[in-house]
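Content type PDB, C-alpha atoms, from the file start-v3.pdb:
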ATOM      1  CA  MET I   1       0.000   0.000   0.000
ATOM      2  CA  ARG I   2       1.331   3.435  -0.935
ATOM      3  CA  ARG I   3       0.285   6.914   0.049
ATOM      4  CA  LYS I   4       0.939  10.393  -1.278
ATOM      5  CA  ASN I   5       2.572  12.943   0.999
ATOM      6  CA  LYS I   6       0.559  16.153   1.208
ATOM      7  CA  LYS I   7       3.614  18.419   1.245
ATOM      8  CA  THR I   8       5.403  17.133  -1.857
ATOM      9  CA  GLY I   9       2.821  15.054  -3.697
ATOM     10  CA  VAL I  10       5.325  12.194  -3.755
ATOM     11  CA  ASN I  11       4.054   8.680  -3.138
ATOM     12  CA  ARG I  12       5.578   7.169  -0.021
ATOM     13  CA  ASP I  13       5.412   3.679   1.407
ATOM     14  CA  THR I  14       3.170   3.275   4.440
ATOM     15  CA  MET I  15       6.192   1.705   6.145
ATOM     16  CA  MET I  16       9.261   3.870   6.518
ATOM     17  CA  ASP I  17      11.830   3.560   3.733
ATOM     18  CA  HIS I  18      14.476   2.937   6.394
ATOM     19  CA  GLY I  19      12.516   0.143   8.043
ATOM     20  CA  TYR I  20       9.600  -0.268  10.392
ATOM     21  CA  HIS I  21       9.420   2.025  13.433
ATOM     22  CA  SER I  22       7.153   1.897  16.453
ATOM     23  CA  HIS I  23       4.188   4.188  17.045
ATOM     24  CA  PHE I  24       6.179   5.968  19.767
ATOM     25  CA  TYR I  25       8.991   6.603  17.279
ATOM     26  CA  HIS I  26       6.632   8.168  14.748
ATOM     27  CA  THR I  27       4.952  10.234  17.465
ATOM     28  CA  PHE I  28       8.272  11.493  18.833
ATOM     29  CA  PHE I  29       9.567  12.408  15.367
ATOM     30  CA  GLU I  30       6.268  13.712  13.996
ATOM     31  CA  ASP I  31       6.765  16.111  11.063
ATOM     32  CA  TYR I  32      10.424  15.147  10.714
ATOM     33  CA  VAL I  33      11.937  13.851   7.498
ATOM     34  CA  GLU I  34      14.741  11.321   7.238
ATOM     35  CA  ARG I  35      17.575  11.366   4.748
ATOM     36  CA  ALA I  36      20.068   8.545   4.477
ATOM     37  CA  ARG I  37      23.637   9.706   3.883
ATOM     38  CA  THR I  38      26.781   7.629   3.413
ATOM     39  CA  ASP I  39      30.176   9.121   4.244
ATOM     40  CA  ASN I  40      33.523   8.389   2.593
ATOM     41  CA  LYS I  41      34.075   5.394   4.873
ATOM     42  CA  GLY I  42      30.813   3.808   3.786
ATOM     43  CA  THR I  43      29.076   4.457   7.096
ATOM     44  CA  LYS I  44      25.374   5.081   6.655
ATOM     45  CA  ARG I  45      23.811   7.825   8.737
ATOM     46  CA  VAL I  46      20.223   8.972   9.040
ATOM     47  CA  ILE I  47      19.803  12.746   9.189
ATOM     48  CA  ARG I  48      16.499  14.032  10.567
ATOM     49  CA  THR I  49      15.171  17.491   9.750
ATOM     50  CA  TYR I  50      12.046  19.074  11.192
ATOM     51  CA  ILE I  51       9.732  20.556   8.554
ATOM     52  CA  GLY I  52       6.574  21.122  10.609
ATOM     53  CA  ASP I  53       5.237  24.159  12.423
ATOM     54  CA  TYR I  54       6.860  25.520  15.566
ATOM     55  CA  TYR I  55       4.709  26.372  18.576
ATOM     56  CA  TYR I  56       5.380  29.488  20.648
ATOM     57  CA  SER I  57       3.808  30.556  23.926
ATOM     58  CA  CYS I  58       2.107  33.950  23.776
ATOM     59  CA  LEU I  59       3.314  34.748  27.301
ATOM     60  CA  THR I  60       6.351  36.807  28.168
ATOM     61  CA  VAL I  61       9.388  35.193  29.768
ATOM     62  CA  LEU I  62       8.357  36.380  33.240
ATOM     63  CA  GLN I  63       4.786  35.201  32.728
ATOM     64  CA  ARG I  64       5.967  31.771  31.616
ATOM     65  CA  ARG I  65       8.167  31.501  34.693
ATOM     66  CA  GLY I  66       5.222  32.482  36.865
ATOM     67  CA  VAL I  67       2.999  29.822  35.294
ATOM     68  CA  LYS I  68       5.651  27.140  35.699
ATOM     69  CA  THR I  69       6.170  28.136  39.330
ATOM     70  CA  ALA I  70       2.415  27.991  39.947
ATOM     71  CA  TYR I  71       2.210  24.491  38.463
ATOM     72  CA  ILE I  72       5.078  23.289  40.643
ATOM     73  CA  LEU I  73       3.468  24.767  43.766
ATOM     74  CA  LEU I  74       0.122  23.173  42.914
ATOM     75  CA  PHE I  75       1.832  19.829  42.455
ATOM     76  CA  CYS I  76       3.624  20.193  45.798
ATOM     77  CA  LEU I  77       0.302  20.978  47.479
ATOM     78  CA  THR I  78      -1.201  17.911  45.830
ATOM     79  CA  VAL I  79       1.590  15.714  47.186
ATOM     80  CA  PHE I  80       1.191  17.233  50.654
ATOM     81  CA  PHE I  81      -2.570  16.695  50.841
ATOM     82  CA  TYR I  82      -2.271  13.205  49.362
ATOM     83  CA  LEU I  83       0.348  12.052  51.869
ATOM     84  CA  LYS I  84      -1.650  13.636  54.677
ATOM     85  CA  ALA I  85      -4.817  11.784  53.668
ATOM     86  CA  ALA I  86      -3.332   8.435  52.632
ATOM     87  CA  GLY I  87      -1.072   8.298  55.675
ATOM     88  CA  MET I  88      -3.801   8.927  58.214
ATOM     89  CA  PRO I  89      -4.283   5.817  60.440
ATOM     90  CA  VAL I  90      -8.015   5.374  59.901
ATOM     91  CA  GLU I  91      -9.847   2.157  59.094
ATOM     92  CA  SER I  92     -10.822   3.407  55.644
ATOM     93  CA  ASN I  93      -7.201   3.533  54.499
ATOM     94  CA  PHE I  94      -6.917  -0.220  55.120
ATOM     95  CA  GLN I  95      -9.863  -1.176  52.908
ATOM     96  CA  TRP I  96      -9.018  -2.499  49.436
ATOM     97  CA  TYR I  97     -11.637  -0.343  47.729
ATOM     98  CA  VAL I  98      -9.846   2.712  49.135
ATOM     99  CA  THR I  99      -6.229   1.602  48.779
ATOM    100  CA  VAL I 100      -6.672   0.740  45.088
ATOM    101  CA  PRO I 101      -7.824   4.261  44.088
ATOM    102  CA  GLU I 102      -5.097   5.733  46.291
ATOM    103  CA  ALA I 103      -2.497   3.599  44.508
ATOM    104  CA  ILE I 104      -3.828   4.782  41.148
ATOM    105  CA  ASP I 105      -3.623   8.378  42.375
ATOM    106  CA  LEU I 106       0.012   7.806  43.309
ATOM    107  CA  PHE I 107       0.748   6.498  39.822
ATOM    108  CA  LEU I 108      -0.978   9.532  38.283
ATOM    109  CA  MET I 109       1.099  11.880  40.432
ATOM    110  CA  LEU I 110       4.292  10.212  39.231
ATOM    111  CA  TRP I 111       3.070  10.579  35.651
ATOM    112  CA  PHE I 112       2.249  14.220  36.336
ATOM    113  CA  LEU I 113       5.751  14.722  37.743
ATOM    114  CA  LYS I 114       7.295  13.382  34.537
ATOM    115  CA  THR I 115       5.078  15.643  32.451
ATOM    116  CA  ILE I 116       5.745  18.759  34.516
ATOM    117  CA  ILE I 117       9.499  18.162  34.207
ATOM    118  CA  TYR I 118       9.102  18.123  30.416
ATOM    119  CA  TYR I 119       6.948  21.240  30.620
ATOM    120  CA  VAL I 120       9.311  23.235  32.829
ATOM    121  CA  THR I 121      12.392  22.356  30.776
ATOM    122  CA  ALA I 122      10.737  22.906  27.381
ATOM    123  CA  LYS I 123      12.121  25.574  25.082
ATOM    124  CA  LYS I 124      10.014  28.523  23.975
ATOM    125  CA  GLU I 125      10.204  27.221  20.405
ATOM    126  CA  MET I 126       8.616  23.764  20.337
ATOM    127  CA  THR I 127       8.060  21.194  17.626
ATOM    128  CA  ILE I 128       4.643  19.587  17.399
ATOM    129  CA  GLY I 129       5.967  16.564  19.296
ATOM    130  CA  GLU I 130       7.317  18.750  22.095
ATOM    131  CA  TYR I 131       4.066  20.713  22.210
ATOM    132  CA  LYS I 132       2.018  17.534  22.558
ATOM    133  CA  SER I 133       4.322  16.101  25.236
ATOM    134  CA  THR I 134       4.153  19.294  27.315
ATOM    135  CA  SER I 135       1.009  21.425  27.036
ATOM    136  CA  LYS I 136      -1.341  18.769  25.654
ATOM    137  CA  ALA I 137       0.009  16.051  27.932
ATOM    138  CA  LEU I 138      -0.217  18.338  30.973
ATOM    139  CA  MET I 139      -3.887  19.041  30.320
ATOM    140  CA  GLN I 140      -4.622  15.354  29.883
ATOM    141  CA  ILE I 141      -2.847  14.129  33.010
ATOM    142  CA  SER I 142      -4.175  16.977  35.183
ATOM    143  CA  ALA I 143      -7.760  16.279  34.072
ATOM    144  CA  VAL I 144      -7.412  12.542  34.711
ATOM    145  CA  SER I 145      -5.736  13.186  38.074
ATOM    146  CA  ALA I 146      -8.488  15.583  39.143
ATOM    147  CA  ALA I 147     -11.102  12.951  38.317
ATOM    148  CA  GLY I 148      -9.082  10.282  40.132
ATOM    149  CA  PHE I 149      -8.786  12.296  43.323
ATOM    150  CA  GLY I 150     -12.479  13.129  43.173
ATOM    151  CA  LEU I 151     -13.280   9.424  42.906
ATOM    152  CA  THR I 152     -11.025   8.623  45.860
ATOM    153  CA  ALA I 153     -12.749  11.278  47.957
ATOM    154  CA  ALA I 154     -16.122   9.765  47.067
ATOM    155  CA  VAL I 155     -14.917   6.263  47.970
ATOM    156  CA  LEU I 156     -13.726   7.533  51.348
ATOM    157  CA  LEU I 157     -17.186   8.917  52.013
ATOM    158  CA  VAL I 158     -18.716   5.584  51.046
ATOM    159  CA  SER I 159     -16.366   3.803  53.449
ATOM    160  CA  LEU I 160     -17.652   6.037  56.219
ATOM    161  CA  PHE I 161     -21.115   4.531  55.848
ATOM    162  CA  ARG I 162     -19.879   0.992  55.253
ATOM    163  CA  LEU I 163     -17.621   0.855  58.297
ATOM    164  CA  GLN I 164     -19.878   2.900  60.579
ATOM    165  CA  LYS I 165     -16.881   3.993  62.637
ATOM    166  CA  THR I 166     -18.444   6.926  64.430
ATOM    167  CA  ALA I 167     -15.252   7.556  66.392
ATOM    168  CA  GLU I 168     -13.359   8.094  63.126
ATOM    169  CA  THR I 169     -16.006  10.126  61.314
ATOM    170  CA  GLY I 170     -14.111  13.391  61.607
ATOM    171  CA  ALA I 171     -10.803  11.853  60.537
ATOM    172  CA  ILE I 172     -12.330  10.107  57.514
ATOM    173  CA  LEU I 173     -14.103  13.295  56.468
ATOM    174  CA  LEU I 174     -10.770  15.094  56.734
ATOM    175  CA  CYS I 175      -9.160  12.455  54.495
ATOM    176  CA  ALA I 176     -11.908  12.925  51.928
ATOM    177  CA  ALA I 177     -11.486  16.702  52.095
ATOM    178  CA  ASP I 178      -7.729  16.387  51.557
ATOM    179  CA  MET I 179      -8.262  14.161  48.523
ATOM    180  CA  LEU I 180     -10.778  16.649  47.202
ATOM    181  CA  LEU I 181      -8.209  19.424  47.618
ATOM    182  CA  CYS I 182      -5.789  17.321  45.576
ATOM    183  CA  GLY I 183      -8.388  17.203  42.834
ATOM    184  CA  VAL I 184      -8.901  20.956  43.047
ATOM    185  CA  CYS I 185      -5.156  21.548  42.611
ATOM    186  CA  MET I 186      -5.045  19.322  39.537
ATOM    187  CA  ALA I 187      -8.182  20.946  38.135
ATOM    188  CA  ALA I 188      -6.528  24.341  38.599
ATOM    189  CA  VAL I 189      -3.565  23.187  36.507
ATOM    190  CA  PHE I 190      -5.930  21.984  33.784
ATOM    191  CA  VAL I 191      -7.902  25.238  33.695
ATOM    192  CA  MET I 192      -4.766  27.391  33.688
ATOM    193  CA  GLU I 193      -3.097  25.456  30.890
ATOM    194  CA  LYS I 194      -6.296  25.364  28.849
ATOM    195  CA  THR I 195      -6.326  29.172  28.850
ATOM    196  CA  MET I 196      -2.735  29.337  27.576
ATOM    197  CA  ARG I 197      -2.375  30.525  23.993
ATOM    198  CA  TYR I 198       0.204  29.259  21.533
ATOM    199  CA  THR I 199       1.012  30.540  18.062
ATOM    200  CA  LYS I 200       2.273  28.475  15.142
ATOM    201  CA  ARG I 201       5.024  29.485  12.759
ATOM    202  CA  ALA I 202       6.032  27.511   9.720
ATOM    203  CA  THR I 203       9.617  26.363   9.351
ATOM    204  CA  ALA I 204      11.689  27.569   6.409
ATOM    205  CA  VAL I 205      13.014  24.068   5.695
ATOM    206  CA  LYS I 206      11.529  22.591   2.540
ATOM    207  CA  PRO I 207      10.995  18.845   2.099
ATOM    208  CA  GLN I 208      12.616  17.003  -0.773
ATOM    209  CA  ALA I 209      11.203  14.312  -3.015
ATOM    210  CA  ASP I 210      13.411  11.571  -1.546
ATOM    211  CA  ASP I 211      12.531  12.294   2.081
ATOM    212  CA  SER I 212      10.956   9.669   4.313
ATOM    213  CA  TYR I 213       8.196  11.080   6.490
ATOM    214  CA  MET I 214       7.394  10.346  10.112
TER     215      MET I 214
END
Is it possible to give me this structure as structure tokens?
Amino acid sequence: MRRKNKKTGVNRDTMMDHGYHSHFYHTFFEDYVERARTDNKGTKRVIRTYIGDYYYSCLTVLQRRGVKTAYILLFCLTVFFYLKAAGMPVESNFQWYVTVPEAIDLFLMLWFLKTIIYYVTAKKEMTIGEYKSTSKALMQISAVSAAGFGLTAAVLLVSLFRLQKTAETGAILLCAADMLLCGVCMAAVFVMEKTMRYTKRATAVKPQADDSYM
């Protein structure tokens, strides 16, 4: 099966000319072209050139620093409230239907940490792959995390009625409130990033007929 590239009108194989690559590879090198070059010693090298649009934040340098700082602080607050709630010695935190959501929340926080590191260290000029792995990914993980913490808070409230531990009612309610605050922090990240504006600028590099496309 062959396809025609929209930028050059040249038919390209569905598989890469230089061999099959994984979905992650194509996602990471989206809008790149590959050129095979052989030096005088006969060593074959693959040269990749980005031909897609670049994404720029519409914020100033100081504004971008402020946003990044706010995201880091919100994440730190999330970690604080999570540890405070999950570490509280109440009966609810020993029930499987509570510990499972809490474990999922922990995984989501680790995923958020990875994403926020990418976001904070990203350059002002981003390729489409970098844009998706920072801004888009941050919105996705913050939205999922907010929903996850909200679910955990709801499960804690359910455990209050299931266990009927009147002596621990206040403590369990506090755990649920802390989890809810975690969700609020993640929701704040989502809302803030959703309001961010990015502009696109085309690259001056022109594709060639013998390029292989990601």
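Among the candidates I:Leu151, I:Leu62, I:Leu110, I:Val90, the one nearest to I:Lys165 when counting all atoms listed in the file is I:Val90.
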>> Calculated over only C-alpha atoms, which of the candidates I:Ala36, I:Ile117, I:Met139, I:Leu174 has the smallest distance to I:Ala86?
In response: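 For I:Ala86, the nearest of the candidates is I:Leu174.
Among I:Tyr119, I:Lys84, I:Leu106, I:Met126, the residue with the shortest atom-to-atom distance to I:Tyr198, counting all atoms listed in the file, is I:Met126.
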>> When the PyMOL selection byres ((chain I and resi 187) around 9) is applied to the structure above, which residues does it catch, written out as a list of chain:residue names?
In response: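 Given this file, the PyMOL selection byres ((chain I and resi 187) around 9) evaluates to I:Ser142, I:Ala143, I:Ser145, I:Ala146, I:Ala147, I:Cys182, I:Gly183, I:Val184, I:Cys185, I:Met186, I:Ala188, I:Val189, I:Phe190, I:Val191, I:Met192.
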So that I can see what lies close to I:Phe81, please list as a short mmCIF file (atom, residue, chain, number, x, y, z; two decimals) with C-alpha atoms, in the coordinates of the input the residues with an atom at most 7 Å from it, counting only C-alpha atoms and leaving out residues fewer than 2 positions away in the same chain.
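Result written to around.cif:
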data_model
loop_
_atom_site.label_atom_id
_atom_site.label_comp_id
_atom_site.auth_asym_id
_atom_site.auth_seq_id
_atom_site.Cartn_x
_atom_site.Cartn_y
_atom_site.Cartn_z
CA LEU I 77 0.30 20.98 47.48
CA THR I 78 -1.20 17.91 45.83
CA VAL I 79 1.59 15.71 47.19
CA LEU I 83 0.35 12.05 51.87
CA LYS I 84 -1.65 13.64 54.68
CA ALA I 85 -4.82 11.78 53.67
CA ASP I 178 -7.73 16.39 51.56
CA MET I 179 -8.26 14.16 48.52
CA CYS I 182 -5.79 17.32 45.58
#
> atom CA of I:Glu193 and atom CA of I:Leu108 are how many Å apart?
Replying inline: 17.7 Å
> Any idea what's packed within 12 Å of I:Arg65, counting all atoms listed in the file, ignoring anything in its chain fewer than 6 positions away? Could you give it as an MDAnalysis selection string?
Replying inline: chainID I and resid 57 59 71:72 119:124
> Hey, which of I:Ser92, I:Tyr55, I:Ser159, I:Ala70 ends up closest to I:Ser135? Count only C-alpha atoms.
Replying inline: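 Looking only at the distances to I:Ser135, the closest residue turns out to be I:Tyr55.
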>> One number please: atom CA of I:Arg64 to atom CA of I:Ala202, in Å, one decimal.
In response: 22.3 Å
>> Using only C-alpha atoms for the distances, tell me which of I:Lys68, I:Tyr97, I:Glu91, I:Leu73 is nearest to I:Ile172.
In response: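 For I:Ile172, the nearest of the given residues is I:Glu91.
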Around stretch 181-189 of chain I, with edges along x, y and z and 8 Å added on all six sides, what centre and edge lengths do you get, in Å to one decimal, as JSON?
{"center_x": -6.2, "center_y": 20.8, "center_z": 42.1, "size_x": 21.3, "size_y": 23.1, "size_z": 27.1}
>> What's the separation between atom CA of I:Tyr50 and atom CA of I:Phe29, in Å to one decimal place?
In response: 8.2 Å
Give me the residues within 9 Å of I:Asp105 as an mmCIF file with C-alpha atoms, in the frame of the given file, counting only C-alpha atoms and dropping any in the same chain fewer than 3 places off.
data_model
loop_
_atom_site.group_PDB
_atom_site.id
_atom_site.type_symbol
_atom_site.label_atom_id
_atom_site.label_comp_id
_atom_site.auth_asym_id
_atom_site.auth_seq_id
_atom_site.Cartn_x
_atom_site.Cartn_y
_atom_site.Cartn_z
ATOM 1 C CA TYR I 82 -2.271 13.205 49.362
ATOM 2 C CA VAL I 100 -6.672 0.740 45.088
ATOM 3 C CA PRO I 101 -7.824 4.261 44.088
ATOM 4 C CA GLU I 102 -5.097 5.733 46.291
ATOM 5 C CA LEU I 108 -0.978 9.532 38.283
ATOM 6 C CA MET I 109 1.099 11.880 40.432
ATOM 7 C CA LEU I 110 4.292 10.212 39.231
ATOM 8 C CA SER I 145 -5.736 13.186 38.074
ATOM 9 C CA GLY I 148 -9.082 10.282 40.132
ATOM 10 C CA PHE I 149 -8.786 12.296 43.323
ATOM 11 C CA THR I 152 -11.025 8.623 45.860
#
>> For a quick check of understanding, using only C-alpha atoms, which of I:Arg162, I:Arg201, I:Arg37, I:Lys136 has the smallest distance to I:Asp53?
In response: I:Arg201
> Using all atoms listed in the file, what residues lie at most 10 Å away from (17.7, 15.9, 10.5) (file coordinates), given as a PyMOL selection string?
Replying inline: chain I and resi 32-36+46-51
Restricting it to C-alpha atoms, dump the selection as a compact mmCIF listing (two decimals), in the frame of the given file.
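Okay, selection_14.txt is ready:
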# COMPACT_ATOMS: atom_id res chain seq x y z
CA TYR I 32 10.42 15.15 10.71
CA VAL I 33 11.94 13.85 7.50
CA GLU I 34 14.74 11.32 7.24
CA ARG I 35 17.58 11.37 4.75
CA ALA I 36 20.07 8.54 4.48
CA VAL I 46 20.22 8.97 9.04
CA ILE I 47 19.80 12.75 9.19
CA ARG I 48 16.50 14.03 10.57
CA THR I 49 15.17 17.49 9.75
CA TYR I 50 12.05 19.07 11.19
CA ILE I 51 9.73 20.56 8.55
>> Residue by residue, what does the PyMOL selection byres ((chain I and resi 156) around 8) grab here? Present the result as a list of chain:residue names.
In response: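 Here the PyMOL selection byres ((chain I and resi 156) around 8) matches I:Ser92, I:Val98, I:Thr152, I:Ala153, I:Ala154, I:Val155, I:Leu157, I:Val158, I:Ser159, I:Leu160, I:Ile172, I:Leu173, I:Cys175, I:Ala176.
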Since we have the selection now, will you write its residues out, keeping C-alpha atoms, as a JSON list (two decimals), in the coordinates of the input?
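Below is the file that was written, out_28.json:
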[["chain", "number", "residue", "atom", "x", "y", "z"],
["I", 92, "SER", "CA", -10.82, 3.41, 55.64],
["I", 98, "VAL", "CA", -9.85, 2.71, 49.14],
["I", 152, "THR", "CA", -11.02, 8.62, 45.86],
["I", 153, "ALA", "CA", -12.75, 11.28, 47.96],
["I", 154, "ALA", "CA", -16.12, 9.76, 47.07],
["I", 155, "VAL", "CA", -14.92, 6.26, 47.97],
["I", 157, "LEU", "CA", -17.19, 8.92, 52.01],
["I", 158, "VAL", "CA", -18.72, 5.58, 51.05],
["I", 159, "SER", "CA", -16.37, 3.80, 53.45],
["I", 160, "LEU", "CA", -17.65, 6.04, 56.22],
["I", 172, "ILE", "CA", -12.33, 10.11, 57.51],
["I", 173, "LEU", "CA", -14.10, 13.30, 56.47],
["I", 175, "CYS", "CA", -9.16, 12.46, 54.50],
["I", 176, "ALA", "CA", -11.91, 12.92, 51.93]]
> Near I:Thr115, counting only C-alpha atoms, which residues have an atom at most 8 Å away, once you skip same-chain residues fewer than 5 positions from it, shown as a PyMOL selection string?
Replying inline: chain I and resi 133-134+137-138
